[in-house]
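Asks: I have a structure I would like to understand better, so I am pasting it below and will then ask my questions one at a time.
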Amino acid sequence: MRPRRAPAIAWIRAALLALIAIAAAAPASGVISLTAGPGGNGIIINTLLGADTFYNNGYFGQNAVVANVEAGAIWNGHESLTQLTTYISDPTITGTQLGQFDYHATAVGMTIAGQGQFFYYQAGIAPLANLWSASIATTFNGDGSFEITNHSFLYAYKESMNVGRNVDFNIGGGFTFTFHTIADVVNSSWGFEDPAGAAFESRAIDALALANKTTVVLSAGNSGPAGNTVGGPASGYNKIAVAALAADTTANPYTAPSDFSSRGPNDFYNPKTNTIVPKVRAAVDIAAPGEQLALAYYGGATGTNAGGTDLTGGVGVYYLTNAAGTSFAAPIVAGGAALLADYAHVNFSSHGWDGRVIKAVLLNSADKTAGWNNGQHPNLIWGVPFVTTQALDYATGAGRLNLARAYGQFSAGTTDNPTPTPTLSGGTVQPIGWLFGHVYDGSPTDYAIDHLFTTGESFTATLTWFIHRTLNDSTGADNAIATDDRFDNLDLEVWRLIDGQLSSEVAISLAQYNNVQHLSFPIPADGQYLLRVEWVGQAYDLTTHNPASGPLGEDFALAWSNLAVPEPASAGLILIVLFFSLTRRVYRRPCISLSAR
């Protein structure tokens, strides 16, 4: 268990709240979209997505660690990223391009935790998060693609997710607390073709996420609207795969997927039978803005620009104005996950920053995008009004990230403690909340909701769990293997209660090839309801189970809500003086090559 980092928090939060009061009249800070919103005059993404709710309560990510793992390194010479000091790359690899500064990583780094002149356009989603930069590319090919080795790949992810680093928290008065910790959140905006999530890299990241309970956020890819286009490592399972949303000039922009954004249904690979079931899996988990973003620019002749010329003269004041790609949607979600991890380290036990919990909360609090469809339909044979075998929308997952709702979802109602006593095996819960639980074969885990619902009341519930994969590199990285162990199938059900007894099943999500179940529907009748998690079998199991050790079972996270958490305030238009000030300083350049994602 990683140590709690509470001693530094009270002072930091008080200081930041004071800064908020001082800066109340200043322009809001954040990642900026220069063309979205009414009239195309620009909006602040942080505000659009509700991150201000965290800021107003003193959470800027200061008690969380985010590792950005991708081809190249984030350039800390940029004015928005000078706080970055932790770099990770395999020291045994020499004579290559490993660890070089890269423009793509720099733009991503600012999106997560840009800081610079705080309360201005340089702030990322979690501006005070502890940001690490890990590199995996040993060779940049000059066309946006790159080469890696098992050594470079495993070192970056293992050091970020398993080994960790010391992190210093300066609490003022000359006092600094140092903690050794692993990353709470790992973001990666790179990829390759692997629709079934069966490649070594996809399996290895899944294995590390399971072993360390890490929240892993990955870009879905830029391979377009055809199904089966989400690539590795985002096509794995123990992650949050992020789609991009298109900029527009409506009052509520970024509600439709970008044309380039990859999506499902993706293939499912069964390692026990060595067969592929084609196009049956919802691989995208959530969506975030991914077009027309103004982000930090590195123009040096290294990384993606290897062999080129630094047209900026080494000056760290340049910005992209047309950055687009799932590469930049993913770090927006990673920043949001860091805000939740920050809150969790102050207020909760280890379950609060478990990757399954953070994923469930983010998905359950998402706004439904235009045309959102997870295949819910009535099953007349079963007599169940709402049934889905898909769980998530193929293009946008659970919908658009909504951090204002996520804050309410995470902090209100039941927070991992069903009554009458904390338990992994059921209890009574409030009408909004989250928990970490366990379910066994033949023994469903039930949670009665302490609320009298009314007909038409909205209800959303999300169940997440990890599949079991193992990384074994005991004989060295060159010979490392990542094995498929088992994939348990869990169903999420909603039942109506009459006089405390199960009466009728109202909704069920039973996606067979996903490790996420998701329901969103109007309550069909007045009364009390119950959430049920049921272990229903296995997609595959390559392990040997000893019946004497008890029935098969699985850990899970569950989030649910019926309450109308206030929508985030519409992101205010950027002042025209700010717009022109920004564009005069920008070095314009196409945002990203598709192969770098």
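Each chain in the structure tokens gets a letter, A, B, ..., in the order shown, and its residues are numbered from 1; ligands are numbered from 1 in order too.
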Write out as a list in words the set of residues from region 203-337 of chain A that DSSP, computed on the backbone, places in alpha helix (DSSP H).
Replies: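 Going through region 203-337 of chain A, the alpha helix (DSSP H) residues come out as Arg203, Ala204, Ile205, Asp206, Ala207, Leu208, Ala209, Leu210, Ala211, Asn212, Thr326, Ser327, Phe328, Ala329, Ala330, Pro331, Ile332, Val333, Ala334, Gly335, Gly336 and Ala337 of chain A.
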Asks: So that I can see what lies close to Ala324 (chain A), please list as a PDB file with all heavy atoms, in the first residue's frame the residues with an atom at most 7 Å from it, counting only C-alpha atoms and leaving out residues fewer than 6 positions away in the same chain.
Replies:
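Output (result19.pdb):
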ATOM      1  N   GLY A 290     -10.948  16.915 -28.312  1.00  0.00           N
ATOM      2  CA  GLY A 290      -9.733  16.499 -28.998  1.00  0.00           C
ATOM      3  C   GLY A 290      -9.426  17.286 -30.254  1.00  0.00           C
ATOM      4  O   GLY A 290      -8.690  16.804 -31.111  1.00  0.00           O
ATOM      5  N   GLU A 291      -9.966  18.493 -30.349  1.00  0.00           N
ATOM      6  CA  GLU A 291      -9.704  19.319 -31.529  1.00  0.00           C
ATOM      7  C   GLU A 291      -9.527  20.780 -31.139  1.00  0.00           C
ATOM      8  O   GLU A 291     -10.075  21.234 -30.125  1.00  0.00           O
ATOM      9  CB  GLU A 291     -10.858  19.218 -32.531  1.00  0.00           C
ATOM     10  CG  GLU A 291     -11.053  17.862 -33.164  1.00  0.00           C
ATOM     11  CD  GLU A 291     -12.147  17.875 -34.214  1.00  0.00           C
ATOM     12  OE1 GLU A 291     -12.477  18.964 -34.736  1.00  0.00           O
ATOM     13  OE2 GLU A 291     -12.682  16.797 -34.522  1.00  0.00           O
ATOM     14  N   GLN A 292      -8.775  21.499 -31.966  1.00  0.00           N
ATOM     15  CA  GLN A 292      -8.611  22.951 -31.882  1.00  0.00           C
ATOM     16  C   GLN A 292      -8.127  23.405 -30.499  1.00  0.00           C
ATOM     17  O   GLN A 292      -8.617  24.386 -29.945  1.00  0.00           O
ATOM     18  CB  GLN A 292      -9.919  23.659 -32.262  1.00  0.00           C
ATOM     19  CG  GLN A 292     -10.322  23.473 -33.702  1.00  0.00           C
ATOM     20  CD  GLN A 292      -9.305  24.040 -34.681  1.00  0.00           C
ATOM     21  OE1 GLN A 292      -8.686  25.068 -34.429  1.00  0.00           O
ATOM     22  NE2 GLN A 292      -9.109  23.352 -35.795  1.00  0.00           N
ATOM     23  N   LEU A 293      -7.153  22.676 -29.966  1.00  0.00           N
ATOM     24  CA  LEU A 293      -6.631  23.008 -28.643  1.00  0.00           C
ATOM     25  C   LEU A 293      -5.328  23.791 -28.764  1.00  0.00           C
ATOM     26  O   LEU A 293      -4.516  23.541 -29.665  1.00  0.00           O
ATOM     27  CB  LEU A 293      -6.393  21.723 -27.845  1.00  0.00           C
ATOM     28  CG  LEU A 293      -7.608  20.806 -27.696  1.00  0.00           C
ATOM     29  CD1 LEU A 293      -7.202  19.507 -27.012  1.00  0.00           C
ATOM     30  CD2 LEU A 293      -8.713  21.496 -26.921  1.00  0.00           C
ATOM     31  N   CYS A 591      -0.796  19.450 -35.919  1.00  0.00           N
ATOM     32  CA  CYS A 591      -0.726  19.005 -34.534  1.00  0.00           C
ATOM     33  C   CYS A 591       0.074  17.738 -34.309  1.00  0.00           C
ATOM     34  O   CYS A 591       0.831  17.641 -33.366  1.00  0.00           O
ATOM     35  CB  CYS A 591      -2.135  18.794 -33.991  1.00  0.00           C
ATOM     36  SG  CYS A 591      -2.969  17.386 -34.717  1.00  0.00           S
TER      37      CYS A 591
END
Asks: I need the residue nearest Ile286 (chain A) from this list: A:Val357, A:Ala306, A:Val185, A:Leu392. Use only C-alpha atoms for the distance.
Replies: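 With only C-alpha atoms as the atom set, the closest residue is A:Leu392.
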Asks: So that I can see what lies close to Ala525 (chain A), please list as a ChimeraX atom specification the residues with an atom at most 9 Å from it, counting only C-alpha atoms and leaving out residues fewer than 2 positions away in the same chain.
Replies: /A:453-456,496,523,527
Asks: Any idea what's packed within 7 Å of region 294-301 of chain A, counting only C-alpha atoms, ignoring anything in its chain fewer than 5 positions away? Could you give it as a ChimeraX atom specification?
Replies: /A:31-34,75,102-103,106-107,110-111,306-312,314,318-323
Asks: When you draw a straight line from CA of Val315 (chain A) to CA of Val108 (chain A), how long is it in Å?
Replies: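 Separation of CA of Val315 (chain A) and CA of Val108 (chain A): 18.5 Å.
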Asks: Region 208-211 of chain A: which residues within 8 Å, counting only C-alpha atoms, same-chain residues fewer than 6 positions away excluded, as a VMD selection string?
Replies: chain A and resid 157 to 158 161 to 162 238 to 239 355 466 to 471
Asks: Per DSSP on the backbone, what are the strand (DSSP E or B) residues of region 379-533 of chain A, as a PyMOL selection string?
Replies: chain A and resi 379+384-388+393+397+400+414-415+419+427-429+432-441+443+445-449+453+458-464+468-472+481-498+501-509+516-522+527-533
Asks: Hey, which of A:Asn472, A:Asp206, A:Asn76, A:Ala67 ends up closest to Glu159 (chain A)? Count only C-alpha atoms.
Replies: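 Among A:Asn472, A:Asp206, A:Asn76, A:Ala67, it is A:Ala67 that comes nearest to Glu159 (chain A).
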Asks: Can you pull out every residue within 12 Å of Gly375 (chain A), counting only C-alpha atoms, but drop anything in the same chain fewer than 5 positions away, and send it as a compact mmCIF listing (two decimals) with N, CA, C and O atoms, in the first residue's frame?
Replies:
# COMPACT_ATOMS: atom_id res chain seq x y z
N ALA A 282 -16.87 -3.28 -26.81
CA ALA A 282 -16.81 -1.82 -26.73
C ALA A 282 -15.47 -1.45 -26.12
O ALA A 282 -15.26 -1.58 -24.92
N PHE A 386 -34.87 -2.89 -19.50
CA PHE A 386 -33.62 -2.33 -19.99
C PHE A 386 -32.53 -3.40 -19.95
O PHE A 386 -32.09 -3.80 -18.87
N VAL A 387 -32.07 -3.82 -21.13
CA VAL A 387 -31.04 -4.84 -21.24
C VAL A 387 -30.00 -4.37 -22.25
O VAL A 387 -30.34 -3.86 -23.32
N THR A 388 -28.73 -4.51 -21.91
CA THR A 388 -27.67 -4.23 -22.86
C THR A 388 -26.62 -5.34 -22.83
O THR A 388 -26.21 -5.78 -21.75
N THR A 389 -26.23 -5.79 -24.01
CA THR A 389 -25.11 -6.72 -24.13
C THR A 389 -23.87 -5.98 -24.65
O THR A 389 -22.86 -6.61 -24.97
N GLN A 390 -23.95 -4.67 -24.72
CA GLN A 390 -22.88 -3.82 -25.26
C GLN A 390 -22.21 -2.99 -24.18
O GLN A 390 -21.02 -2.71 -24.24
N ALA A 391 -22.96 -2.53 -23.21
CA ALA A 391 -22.53 -1.73 -22.05
C ALA A 391 -22.24 -0.29 -22.42
O ALA A 391 -22.80 0.63 -21.82
N LEU A 392 -21.36 -0.03 -23.38
CA LEU A 392 -20.92 1.32 -23.69
C LEU A 392 -21.18 1.66 -25.16
O LEU A 392 -21.30 0.78 -26.00
N ASP A 393 -21.25 2.96 -25.44
CA ASP A 393 -21.33 3.42 -26.82
C ASP A 393 -20.02 3.10 -27.53
O ASP A 393 -18.93 3.29 -26.96
N TYR A 394 -20.08 2.61 -28.75
CA TYR A 394 -18.87 2.20 -29.44
C TYR A 394 -17.94 3.37 -29.75
O TYR A 394 -16.72 3.19 -29.85
N GLY A 397 -17.92 5.65 -25.53
CA GLY A 397 -17.94 4.97 -24.24
C GLY A 397 -19.12 5.38 -23.39
O GLY A 397 -20.28 5.31 -23.81
N ILE A 508 -30.40 -4.79 -16.75
CA ILE A 508 -29.23 -5.65 -16.65
C ILE A 508 -28.25 -5.31 -17.77
O ILE A 508 -28.63 -5.14 -18.92
N SER A 509 -26.98 -5.18 -17.40
CA SER A 509 -25.89 -5.04 -18.36
C SER A 509 -25.07 -6.31 -18.30
O SER A 509 -24.52 -6.64 -17.24
N LEU A 510 -25.00 -7.03 -19.42
CA LEU A 510 -24.33 -8.33 -19.43
C LEU A 510 -23.42 -8.46 -20.65
O LEU A 510 -23.41 -9.48 -21.34
N ALA A 511 -22.63 -7.41 -20.90
CA ALA A 511 -21.66 -7.46 -21.99
C ALA A 511 -20.66 -8.57 -21.71
O ALA A 511 -19.94 -8.54 -20.72
N HIS A 518 -22.49 -1.05 -17.80
CA HIS A 518 -22.99 0.32 -17.64
C HIS A 518 -24.47 0.37 -17.99
O HIS A 518 -24.89 -0.15 -19.03
N LEU A 519 -25.24 1.02 -17.11
CA LEU A 519 -26.68 1.20 -17.32
C LEU A 519 -27.05 2.66 -17.10
O LEU A 519 -26.53 3.31 -16.19
N SER A 520 -27.96 3.17 -17.92
CA SER A 520 -28.47 4.54 -17.75
C SER A 520 -29.90 4.56 -18.25
O SER A 520 -30.15 4.36 -19.44
N PHE A 521 -30.86 4.77 -17.32
CA PHE A 521 -32.26 4.61 -17.70
C PHE A 521 -33.17 5.37 -16.74
O PHE A 521 -32.77 5.69 -15.61
Asks: Let me make sure I understand: among A:Asp450, A:Glu79, A:Asp184, A:Asp143, which one has the smallest atom-to-atom distance to Leu131 (chain A) if we use only C-alpha atoms?
Replies: A:Asp184
Asks: Distance table requested - region 99-214 of chain A against region 328-343 of chain A, cut-off 10 Å, only C-alpha atoms: one row per qualifying residue with the closest atom pair and its distance in Å to one decimal, ordered by chain and rising residue number, as CSV.
Replies:
residue,atom,partner,partner_atom,distance
A:His104,CA,A:Phe328,CA,9.4
A:Ala105,CA,A:Phe328,CA,9.9
A:Ala107,CA,A:Phe328,CA,7.8
A:Val108,CA,A:Phe328,CA,6.0
A:Gly109,CA,A:Pro331,CA,7.7
A:Met110,CA,A:Pro331,CA,8.8
A:Thr111,CA,A:Pro331,CA,5.9
A:Ile112,CA,A:Gly335,CA,4.8
A:Ala113,CA,A:Gly335,CA,6.9
A:Gly124,CA,A:Gly335,CA,7.3
A:Ile125,CA,A:Gly335,CA,4.9
A:Ala126,CA,A:Gly335,CA,4.9
A:Pro127,CA,A:Gly335,CA,8.3
A:Leu128,CA,A:Leu339,CA,9.5
A:Ala129,CA,A:Ala338,CA,7.0
A:Asn130,CA,A:Ala338,CA,9.4
A:Ala183,CA,A:Ala338,CA,9.8
A:Asp184,CA,A:Ala341,CA,6.7
A:Val185,CA,A:Ala338,CA,6.4
A:Val186,CA,A:Ala334,CA,7.4
A:Asn187,CA,A:Ala334,CA,6.1
A:Ser188,CA,A:Ala330,CA,7.7
A:Ser189,CA,A:Ala330,CA,6.9
Asks: When you count only C-alpha atoms, which of these residues is closest to Phe153 (chain A): A:Gly227, A:Asn379, A:Ala480, A:Asn166?
Replies: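 Between A:Gly227, A:Asn379, A:Ala480, A:Asn166, the residue approaching Phe153 (chain A) most closely is A:Ala480.
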Asks: Please determine, counting only C-alpha atoms, which residue among A:Phe146, A:Phe177, A:Tyr121, A:Trp353 has the shortest atom-to-atom distance to Val216 (chain A).
Replies: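 So, comparing all the options, the nearest one is A:Trp353.
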Asks: Smallest atom-to-atom distance to Asn56 (chain A): which of A:Gly303, A:Gly413, A:Val167, A:Tyr407, using only C-alpha atoms?
Replies: A:Tyr407
Asks: Quick one: residues within 12 Å of Ser219 (chain A), only C-alpha atoms counted, chain neighbours fewer than 5 positions away excluded, as a ChimeraX atom specification?
Replies: /A:68-70,108,186-192,229-236,239-244,261-263,283-290,325-334,594-597
Asks: Output N, CA and C atoms for every residue in that selection, as a tab-separated table (two decimals), in the first residue's frame.
Replies:
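Result went into out_36.tsv, see below:
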chain	number	residue	atom	x	y	z
A	68	ASN	N	3.56	10.51	-17.54
A	68	ASN	CA	3.26	10.47	-18.96
A	68	ASN	C	4.31	9.59	-19.63
A	69	VAL	N	3.86	8.44	-20.14
A	69	VAL	CA	4.78	7.47	-20.74
A	69	VAL	C	4.49	7.43	-22.24
A	70	GLU	N	5.46	7.87	-23.02
A	70	GLU	CA	5.29	7.78	-24.47
A	70	GLU	C	6.65	7.82	-25.15
A	108	VAL	N	1.27	17.08	-24.72
A	108	VAL	CA	0.51	16.22	-23.82
A	108	VAL	C	0.76	16.60	-22.36
A	186	VAL	N	-1.25	6.90	-14.95
A	186	VAL	CA	-0.32	6.81	-16.08
A	186	VAL	C	-1.08	7.19	-17.34
A	187	ASN	N	-0.54	8.12	-18.10
A	187	ASN	CA	-1.12	8.49	-19.38
A	187	ASN	C	-0.17	8.09	-20.50
A	188	SER	N	-0.72	7.52	-21.58
A	188	SER	CA	0.07	7.21	-22.76
A	188	SER	C	-0.73	7.58	-24.00
A	189	SER	N	-0.10	8.36	-24.87
A	189	SER	CA	-0.73	8.79	-26.12
A	189	SER	C	0.09	8.28	-27.29
A	190	TRP	N	0.24	6.99	-27.37
A	190	TRP	CA	0.92	6.34	-28.50
A	190	TRP	C	0.20	5.03	-28.74
A	191	GLY	N	0.43	4.43	-29.89
A	191	GLY	CA	-0.27	3.19	-30.15
A	191	GLY	C	0.16	2.48	-31.41
A	192	PHE	N	-0.49	1.35	-31.67
A	192	PHE	CA	-0.16	0.49	-32.79
A	192	PHE	C	-1.37	-0.40	-33.05
A	229	THR	N	-11.21	-0.23	-34.79
A	229	THR	CA	-10.04	0.61	-35.06
A	229	THR	C	-9.31	1.07	-33.81
A	230	VAL	N	-9.82	0.76	-32.61
A	230	VAL	CA	-9.08	1.08	-31.40
A	230	VAL	C	-7.86	0.17	-31.34
A	231	GLY	N	-6.66	0.77	-31.27
A	231	GLY	CA	-5.43	-0.02	-31.30
A	231	GLY	C	-4.83	-0.22	-29.93
A	232	GLY	N	-3.74	-0.98	-29.89
A	232	GLY	CA	-3.02	-1.18	-28.64
A	232	GLY	C	-2.21	0.04	-28.28
A	233	PRO	N	-1.93	0.26	-27.01
A	233	PRO	CA	-2.37	-0.56	-25.87
A	233	PRO	C	-3.79	-0.25	-25.38
A	234	ALA	N	-4.47	0.75	-26.03
A	234	ALA	CA	-5.81	1.13	-25.57
A	234	ALA	C	-6.83	0.02	-25.76
A	235	SER	N	-6.52	-0.94	-26.63
A	235	SER	CA	-7.45	-2.06	-26.86
A	235	SER	C	-7.35	-3.11	-25.76
A	236	GLY	N	-6.45	-2.90	-24.79
A	236	GLY	CA	-6.41	-3.78	-23.63
A	236	GLY	C	-7.63	-3.58	-22.75
A	239	LYS	N	-7.74	-0.37	-18.26
A	239	LYS	CA	-7.38	0.98	-18.67
A	239	LYS	C	-8.64	1.81	-18.89
A	240	ILE	N	-8.42	3.09	-19.19
A	240	ILE	CA	-9.49	3.97	-19.65
A	240	ILE	C	-9.09	4.43	-21.04
A	241	ALA	N	-9.76	3.93	-22.07
A	241	ALA	CA	-9.48	4.31	-23.45
A	241	ALA	C	-10.32	5.52	-23.81
A	242	VAL	N	-9.67	6.57	-24.35
A	242	VAL	CA	-10.32	7.86	-24.53
A	242	VAL	C	-10.47	8.20	-26.01
A	243	ALA	N	-11.69	8.54	-26.40
A	243	ALA	CA	-11.99	9.03	-27.75
A	243	ALA	C	-11.94	10.55	-27.76
A	244	ALA	N	-11.81	11.11	-28.96
A	244	ALA	CA	-11.78	12.56	-29.13
A	244	ALA	C	-13.15	13.08	-29.57
A	261	SER	N	-11.48	9.89	-34.79
A	261	SER	CA	-11.36	9.14	-33.54
A	261	SER	C	-11.69	7.66	-33.75
A	262	SER	N	-10.81	6.78	-33.29
A	262	SER	CA	-11.02	5.34	-33.41
A	262	SER	C	-12.19	4.90	-32.52
A	263	ARG	N	-12.77	3.77	-32.88
A	263	ARG	CA	-13.93	3.29	-32.12
A	263	ARG	C	-14.14	1.80	-32.33
A	283	ALA	N	-14.54	-0.97	-26.95
A	283	ALA	CA	-13.17	-0.72	-26.49
A	283	ALA	C	-12.97	0.69	-25.97
A	284	VAL	N	-13.79	1.65	-26.42
A	284	VAL	CA	-13.70	3.04	-25.92
A	284	VAL	C	-14.45	3.14	-24.60
A	285	ASP	N	-13.86	3.85	-23.63
A	285	ASP	CA	-14.48	3.98	-22.31
A	285	ASP	C	-15.12	5.34	-22.07
A	286	ILE	N	-14.51	6.40	-22.59
A	286	ILE	CA	-14.99	7.76	-22.31
A	286	ILE	C	-14.44	8.67	-23.40
A	287	ALA	N	-14.95	9.89	-23.48
A	287	ALA	CA	-14.51	10.83	-24.51
A	287	ALA	C	-14.24	12.20	-23.91
A	288	ALA	N	-13.38	12.97	-24.59
A	288	ALA	CA	-13.02	14.31	-24.14
A	288	ALA	C	-12.67	15.15	-25.36
A	289	PRO	N	-12.66	16.48	-25.22
A	289	PRO	CA	-12.31	17.34	-26.36
A	289	PRO	C	-10.97	16.94	-26.97
A	290	GLY	N	-10.95	16.92	-28.31
A	290	GLY	CA	-9.73	16.50	-29.00
A	290	GLY	C	-9.43	17.29	-30.25
A	325	GLY	N	-6.33	15.40	-31.93
A	325	GLY	CA	-6.01	13.98	-31.84
A	325	GLY	C	-6.48	13.40	-30.53
A	326	THR	N	-6.69	12.10	-30.52
A	326	THR	CA	-7.00	11.44	-29.24
A	326	THR	C	-5.81	11.54	-28.29
A	327	SER	N	-4.63	11.87	-28.84
A	327	SER	CA	-3.45	12.12	-28.01
A	327	SER	C	-3.71	13.17	-26.95
A	328	PHE	N	-4.57	14.14	-27.27
A	328	PHE	CA	-4.80	15.26	-26.35
A	328	PHE	C	-6.11	15.12	-25.60
A	329	ALA	N	-7.00	14.25	-26.09
A	329	ALA	CA	-8.20	13.92	-25.31
A	329	ALA	C	-7.81	13.06	-24.11
A	330	ALA	N	-6.88	12.12	-24.30
A	330	ALA	CA	-6.48	11.23	-23.20
A	330	ALA	C	-5.88	11.99	-22.02
A	331	PRO	N	-4.92	12.92	-22.21
A	331	PRO	CA	-4.38	13.63	-21.05
A	331	PRO	C	-5.39	14.53	-20.36
A	332	ILE	N	-6.44	14.96	-21.05
A	332	ILE	CA	-7.51	15.69	-20.37
A	332	ILE	C	-8.17	14.77	-19.34
A	333	VAL	N	-8.44	13.53	-19.74
A	333	VAL	CA	-9.03	12.56	-18.80
A	333	VAL	C	-8.02	12.18	-17.72
A	334	ALA	N	-6.75	12.04	-18.09
A	334	ALA	CA	-5.73	11.72	-17.09
A	334	ALA	C	-5.63	12.82	-16.04
A	594	LEU	N	-0.47	10.73	-37.24
A	594	LEU	CA	-1.40	9.71	-36.75
A	594	LEU	C	-0.66	8.54	-36.13
A	595	SER	N	0.52	8.22	-36.61
A	595	SER	CA	1.22	7.06	-36.07
A	595	SER	C	1.70	7.31	-34.64
A	596	ALA	N	1.90	8.58	-34.28
A	596	ALA	CA	2.28	8.88	-32.90
A	596	ALA	C	1.07	8.96	-32.00
A	597	ARG	N	-0.07	9.08	-32.61
A	597	ARG	CA	-1.38	9.17	-31.96
A	597	ARG	C	-1.43	10.41	-31.08
